[in-house]
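Everything below belongs to upload04.txt, which stores compact mmCIF, C-alpha atoms.
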```
# COMPACT_ATOMS: atom_id res chain seq x y z
CA MET A 1 43.97 76.64 115.14
CA ALA A 2 43.21 73.25 116.70
CA ASN A 3 43.80 71.45 113.42
CA HIS A 4 47.06 73.35 112.93
CA ALA A 5 48.22 72.39 116.43
CA ASN A 6 47.42 68.73 115.79
CA ALA A 7 49.38 68.79 112.56
CA MET A 8 52.33 70.35 114.32
CA ASN A 9 52.34 67.68 117.03
CA LYS A 10 52.99 64.62 114.90
CA VAL A 11 55.89 63.29 112.88
CA LYS A 12 56.17 60.61 110.22
CA ILE A 13 58.88 57.95 110.35
CA LEU A 14 59.34 55.29 107.68
CA VAL A 15 60.27 51.78 108.83
CA VAL A 16 61.88 49.99 105.88
CA GLY A 17 63.91 46.88 105.20
CA ASP A 18 63.72 43.52 103.45
CA SER A 19 60.65 41.35 103.77
CA GLY A 20 60.79 39.03 106.80
CA VAL A 21 63.33 40.95 108.90
CA GLY A 22 60.76 41.68 111.61
CA LYS A 23 59.63 45.26 110.93
CA SER A 24 56.04 44.70 112.06
CA SER A 25 57.15 42.99 115.28
CA LEU A 26 59.55 45.85 115.96
CA VAL A 27 56.91 48.53 115.38
CA HIS A 28 54.46 46.71 117.65
CA LEU A 29 57.06 46.45 120.40
CA ILE A 30 57.93 50.16 120.08
CA CYS A 31 54.31 51.33 120.13
CA HIS A 32 52.79 48.93 122.64
CA GLY A 33 55.69 47.71 124.75
CA GLN A 34 54.60 44.15 124.06
CA THR A 35 55.66 41.39 121.72
CA LEU A 36 53.59 40.54 118.65
CA SER A 37 52.49 36.92 118.89
CA ASN A 38 51.08 36.47 115.39
CA SER A 39 52.96 38.49 112.81
CA SER A 40 51.82 38.48 109.18
CA TRP A 41 53.31 39.82 105.95
CA THR A 42 52.68 43.53 105.44
CA ILE A 43 51.02 44.35 102.13
CA GLY A 44 51.42 47.99 101.22
CA CYS A 45 51.89 49.84 104.49
CA SER A 46 50.73 49.61 108.09
CA VAL A 47 50.77 52.63 110.41
CA GLU A 48 51.00 52.56 114.19
CA VAL A 49 51.34 55.49 116.58
CA ARG A 50 53.36 56.03 119.70
CA VAL A 51 53.06 58.98 122.09
CA HIS A 52 56.52 60.40 122.72
CA GLU A 53 57.58 62.95 125.32
CA TYR A 54 59.82 65.35 123.44
CA ARG A 55 62.70 66.70 125.56
CA GLU A 56 61.35 64.88 128.57
CA GLY A 57 62.32 66.43 131.88
CA THR A 58 63.06 69.88 130.44
CA PRO A 59 60.99 73.08 130.27
CA SER A 60 60.49 72.36 126.55
CA GLN A 61 58.80 69.00 127.19
CA ARG A 62 55.70 68.33 125.09
CA GLN A 63 53.88 65.35 123.69
CA TYR A 64 54.16 64.28 120.08
CA PHE A 65 52.47 61.58 118.08
CA VAL A 66 55.13 59.50 116.33
CA GLU A 67 53.67 57.74 113.29
CA LEU A 68 55.62 54.63 112.34
CA TRP A 69 54.93 53.69 108.72
CA ASP A 70 55.78 50.01 108.36
CA VAL A 71 56.35 49.61 104.61
CA GLY A 72 56.05 46.12 103.12
CA GLY A 73 59.38 44.84 101.83
CA SER A 74 58.20 42.58 99.03
CA ASN A 75 59.87 43.26 95.68
CA SER A 76 56.53 42.71 93.96
CA HIS A 77 55.34 46.04 95.39
CA LYS A 78 58.47 48.13 94.89
CA ASN A 79 56.98 50.12 92.00
CA ALA A 80 54.00 51.21 94.10
CA ARG A 81 55.41 51.89 97.56
CA HIS A 82 56.84 55.29 96.60
CA VAL A 83 53.41 56.73 97.49
CA PHE A 84 54.33 56.30 101.16
CA TYR A 85 57.57 58.27 100.91
CA ASN A 86 56.22 61.84 100.94
CA HIS A 87 56.70 64.28 103.83
CA VAL A 88 59.04 62.02 105.79
CA HIS A 89 60.78 63.28 108.92
CA GLY A 90 62.93 60.24 109.75
CA ILE A 91 63.84 56.70 108.67
CA ILE A 92 64.30 53.48 110.64
CA LEU A 93 66.32 50.92 108.67
CA VAL A 94 65.72 47.33 109.80
CA HIS A 95 67.80 44.26 109.01
CA ASP A 96 68.09 40.68 110.20
CA LEU A 97 71.32 40.07 112.13
CA THR A 98 71.43 36.49 110.82
CA ASN A 99 71.03 37.60 107.20
CA ARG A 100 74.00 39.58 105.88
CA LYS A 101 72.20 40.35 102.64
CA SER A 102 69.40 42.17 104.46
CA GLN A 103 72.04 44.42 106.03
CA LEU A 104 73.70 45.17 102.70
CA ASN A 105 70.30 45.97 101.19
CA LEU A 106 69.84 48.84 103.62
CA ARG A 107 71.79 50.97 101.15
CA ARG A 108 69.19 50.29 98.49
CA TRP A 109 66.34 51.04 100.84
CA LEU A 110 67.83 54.35 101.93
CA SER A 111 68.53 55.32 98.34
CA GLU A 112 64.96 54.47 97.35
CA VAL A 113 63.46 56.64 100.07
CA LEU A 114 65.79 59.59 99.61
CA ILE A 115 65.38 59.67 95.84
CA ARG A 116 61.63 59.80 96.28
CA GLU A 117 61.82 62.31 99.13
CA GLY A 118 63.99 64.53 96.95
CA GLY A 119 61.18 64.71 94.38
CA GLY A 120 61.62 66.18 90.95
CA SER A 121 62.61 64.16 87.91
CA LYS A 122 64.45 61.58 90.03
CA ALA A 123 61.32 60.58 91.95
CA ARG A 124 61.07 57.22 90.18
CA THR A 125 64.68 56.62 89.27
CA PRO A 126 65.73 52.96 89.71
CA LEU A 127 67.38 52.08 93.00
CA VAL A 128 70.95 53.25 93.42
CA GLU A 129 73.45 50.41 93.73
CA ASP A 130 75.99 52.21 95.90
CA PHE A 131 74.73 54.65 98.48
CA ASP A 132 76.66 57.88 98.72
CA ALA A 133 75.39 60.31 101.37
CA GLU A 134 76.89 63.31 99.56
CA GLN A 135 74.73 62.75 96.49
CA PHE A 136 71.53 63.54 98.39
CA GLY A 137 70.92 67.20 99.13
CA GLY A 138 69.79 67.86 102.68
CA PHE A 139 70.43 64.27 103.72
CA SER A 140 72.23 65.31 106.89
CA GLN A 141 68.96 66.85 108.10
CA LEU A 142 66.98 63.60 107.82
CA PRO A 143 67.59 61.46 110.92
CA VAL A 144 68.31 57.77 110.41
CA PHE A 145 68.18 54.93 112.96
CA VAL A 146 69.39 51.37 112.32
CA VAL A 147 67.93 48.30 114.03
CA GLY A 148 69.21 44.74 113.81
CA THR A 149 66.62 42.12 114.73
CA LYS A 150 66.74 38.46 115.86
CA GLN A 151 69.56 39.20 118.28
CA ASP A 152 68.71 35.99 120.10
CA GLN A 153 69.69 33.92 117.04
CA ILE A 154 73.12 35.35 116.27
CA ALA A 155 75.24 33.19 118.56
CA GLU A 156 75.60 30.49 115.92
CA PHE A 157 76.44 33.03 113.20
CA ARG A 158 79.02 35.29 114.78
CA THR A 159 82.67 34.41 115.19
CA SER A 160 83.75 37.30 117.38
CA GLY A 161 82.60 38.61 120.72
CA ARG A 162 80.34 41.31 119.26
CA VAL A 163 78.24 41.96 116.21
CA ARG A 164 79.89 44.25 113.68
CA SER A 165 78.11 47.56 113.14
CA SER A 166 76.55 48.07 109.75
CA SER A 167 78.54 50.36 107.49
CA ILE A 168 75.40 52.31 106.60
CA ALA A 169 75.03 53.37 110.25
CA ASP A 170 78.61 54.62 110.29
CA GLU A 171 78.18 56.52 107.04
CA CYS A 172 74.95 58.15 108.20
CA GLY A 173 76.25 58.95 111.65
CA ALA A 174 73.26 57.00 112.96
CA ASP A 175 72.70 55.19 116.22
CA GLU A 176 72.27 51.44 115.91
CA ILE A 177 70.73 48.89 118.25
CA SER A 178 70.23 45.11 118.24
CA VAL A 179 67.01 43.63 119.55
CA ASN A 180 65.00 40.47 119.95
CA THR A 181 61.48 41.62 119.10
CA GLN A 182 60.08 38.64 121.00
CA ASP A 183 61.53 39.93 124.27
CA GLN A 184 60.17 43.25 125.50
CA ARG A 185 63.15 43.72 127.80
CA PHE A 186 65.23 44.81 124.79
CA LEU A 187 63.26 48.09 124.69
CA ALA A 188 62.41 48.35 128.37
CA PRO A 189 62.11 51.94 129.69
CA GLY A 190 65.50 53.23 130.80
CA SER A 191 67.47 50.64 128.87
CA SER A 192 70.29 51.71 126.56
CA ASN A 193 68.22 50.77 123.51
CA ALA A 194 65.20 52.74 124.73
CA VAL A 195 67.34 55.81 125.43
CA LYS A 196 68.84 55.71 121.93
CA LEU A 197 65.40 55.35 120.38
CA SER A 198 64.04 58.26 122.41
CA ARG A 199 66.99 60.39 121.34
CA PHE A 200 66.26 59.51 117.72
CA PHE A 201 62.62 60.54 118.11
CA ASP A 202 63.78 63.89 119.50
CA LYS A 203 65.99 64.39 116.45
CA VAL A 204 63.09 63.58 114.15
CA ILE A 205 60.85 66.09 115.92
CA GLU A 206 63.53 68.76 115.66
CA ARG A 207 63.78 68.02 111.94
CA GLN A 208 60.02 68.51 111.59
CA GLN A 209 60.07 71.68 113.65
CA THR A 210 62.91 73.21 111.66
CA THR A 211 61.29 72.34 108.34
CA THR A 212 57.93 73.78 109.39
CA SER A 213 59.37 76.93 110.93
CA ARG A 214 61.09 77.93 107.70
CA ALA A 215 57.65 78.70 106.32
CA ASP A 216 56.67 80.53 109.49
CA GLY A 217 59.28 83.15 110.32
CA GLY A 218 62.70 81.62 109.85
CA PHE A 219 63.55 80.49 113.41
CA SER A 220 63.55 76.86 114.45
CA TYR A 221 61.31 75.81 117.32
CA PRO A 222 64.23 75.05 119.64
CA GLU A 223 65.22 78.69 119.17
CA ARG A 224 61.71 79.82 120.00
CA ASP A 225 61.86 77.84 123.23
CA ASN A 226 65.05 79.66 124.16
CA ALA A 227 64.58 82.48 126.69
CA MET A 228 66.42 84.88 124.37
CA TYR A 229 63.55 84.81 121.86
CA ARG A 230 60.09 86.18 122.52
CA ARG A 231 57.37 86.94 120.04
CA SER A 232 56.03 90.45 120.43
CA LYS A 233 52.32 90.57 121.20
CA TYR A 234 51.79 93.33 118.69
CA THR A 235 54.14 92.43 115.82
CA SER A 236 55.32 89.41 113.89
CA LEU A 237 58.97 90.08 114.64
CA TYR A 238 61.23 88.23 117.02
CA ILE A 239 62.97 90.41 119.58
CA SER A 240 65.78 89.66 121.99
CA THR A 241 65.27 90.22 125.70
CA GLY A 242 68.92 89.76 126.44
```

Can you present the structure in this file as C-alpha cells?
Amino acid sequence: MANHANAMNKVKILVVGDSGVGKSSLVHLICHGQTLSNSSWTIGCSVEVRVHEYREGTPSQRQYFVELWDVGGSNSHKNARHVFYNHVHGIILVHDLTNRKSQLNLRRWLSEVLIREGGGSKARTPLVEDFDAEQFGGFSQLPVFVVGTKQDQIAEFRTSGRVRSSSIADECGADEISVNTQDQRFLAPGSSNAVKLSRFFDKVIERQQTTTSRADGGFSYPERDNAMYRRSKYTSLYISTG
C-alpha cells in the first residue's frame, strides 16, 4: 500500500523548448527558489522535484511531488528524446522572449510530445508543421503552461508597451507568464506568476487523479473528496449521503 500511495502522490511534467531558452534555469528557480549561477547544456533529460501543496488552504489539501523533466532541446537528440514522453500529466512550454523563432517552435514541441503521448502507429511520426489542437484526442485534458524567459532583455526588442502573448497559449487556453530566471522575485511566493504556476500544478494533479481513478472505480478524486461521496466500509460501491 505504501508504494501505491507514493505512486499516487507524484506527477510528471515535461519542460520543453528550444536549446538555450533557459529551461534548466527555470526548473531550478521553480524547485529551489534560487537562481542557477552556472547553467550548462542539458543532454538527454534532467529531473528535479518540487513539493507542491495541492488545493492549499482547503480541506482537500495534500502534498504532491511534482517531477519536472527538463528535456534537452538539441536537434541532434530529437530522435531519441521520445523515451521521456510516456505517462505525462502536464507540459511547460518555454521560449526566449528575445527570440521569436523559439516562440514559433513551441507548436512543433507540443506536436512532438502529443504525438508520442498518443502512442500507437503515430508514436514516431515526424513533427507536425502546424499545430491543430483538434487533431489530438484528449488534448483538452492535458494541462499546458507557457513561460517566456529573459524578460529583463526585452526592452530593446519590443515596440509596444507589453509583450504579445504567444498564439499557442491562446489556442491551448493556457496561462502564460514572463520571467527573468536570474531574479528570484519573478516567482516569489504570492506573486502573480507564482499563483498561476500553483494553479497549473493543481490542474496537472487533477489530470493525474482523473486518469488514475478511471481504473479504480470511475469517479475522479475531486469527487471522492466531496462530502456527497463516501466509500462503504463493506462494499466497493460509492453511495450518496445526501

(message) For stretch 16-22 of chain A, find every residue with an atom within 7 Å (counting only C-alpha atoms), except residues of its own chain fewer than 6 positions away, and show them as a list of chain:residue names.
(response)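 With the cut-off at 7 Å, the set is A:Asp70, A:Val71, A:Gly72, A:Gly73, A:Ser74, A:Ile92, A:Leu93, A:Val94, A:His95, A:Asp96, A:Ser102, A:Leu106, A:Trp109, A:Thr149.
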
Got time to write the residues from that selection, C-alpha atoms, as an mmCIF file, in the frame of the given file?
```
data_model
loop_
_atom_site.group_PDB
_atom_site.id
_atom_site.type_symbol
_atom_site.label_atom_id
_atom_site.label_comp_id
_atom_site.auth_asym_id
_atom_site.auth_seq_id
_atom_site.Cartn_x
_atom_site.Cartn_y
_atom_site.Cartn_z
ATOM 1 C CA ASP A 70 55.780 50.010 108.360
ATOM 2 C CA VAL A 71 56.350 49.610 104.610
ATOM 3 C CA GLY A 72 56.050 46.120 103.120
ATOM 4 C CA GLY A 73 59.380 44.840 101.830
ATOM 5 C CA SER A 74 58.200 42.580 99.030
ATOM 6 C CA ILE A 92 64.300 53.480 110.640
ATOM 7 C CA LEU A 93 66.320 50.920 108.670
ATOM 8 C CA VAL A 94 65.720 47.330 109.800
ATOM 9 C CA HIS A 95 67.800 44.260 109.010
ATOM 10 C CA ASP A 96 68.090 40.680 110.200
ATOM 11 C CA SER A 102 69.400 42.170 104.460
ATOM 12 C CA LEU A 106 69.840 48.840 103.620
ATOM 13 C CA TRP A 109 66.340 51.040 100.840
ATOM 14 C CA THR A 149 66.620 42.120 114.730
#
```

(request) Using atom CA of A:Cys31 and atom CA of A:Leu97 as the two end points, give the distance in Å to one decimal. (result)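 Between atom CA of A:Cys31 and atom CA of A:Leu97 the gap works out to 21.9 Å.
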
(request) Check the smallest atom-to-atom distance from each of A:Phe145, A:Trp69, A:Phe84, A:Trp41 to A:Val204 using only C-alpha atoms, then report the winner. (result) A:Phe145

(request) Counting all atoms listed in the file, figure out which residue out of A:Thr212, A:Arg185, A:Arg100, A:Val88 gets nearest to A:Leu114. (result)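 The closest residue to A:Leu114 is A:Val88.
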
(message) My list of candidates is A:Glu206, A:Leu110, A:Lys196, A:Gly148. Which is closest to A:Cys172 when distances are computed with only C-alpha atoms?
(response) A:Leu110

(request) Have a look at atom CA of A:Asn9 and atom CA of A:Val144 and let me know their distance in Å, one decimal. (result)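 Interatomic distance, atom CA of A:Asn9 to atom CA of A:Val144: 19.9 Å.
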
Padded axis-aligned box of stretch 146-150 of chain A (5 Å per side), centre and edge lengths, Å, one decimal, as JSON:
```
{"center_x": 68.0, "center_y": 44.9, "center_z": 114.1, "size_x": 12.8, "size_y": 22.9, "size_z": 13.5}
```
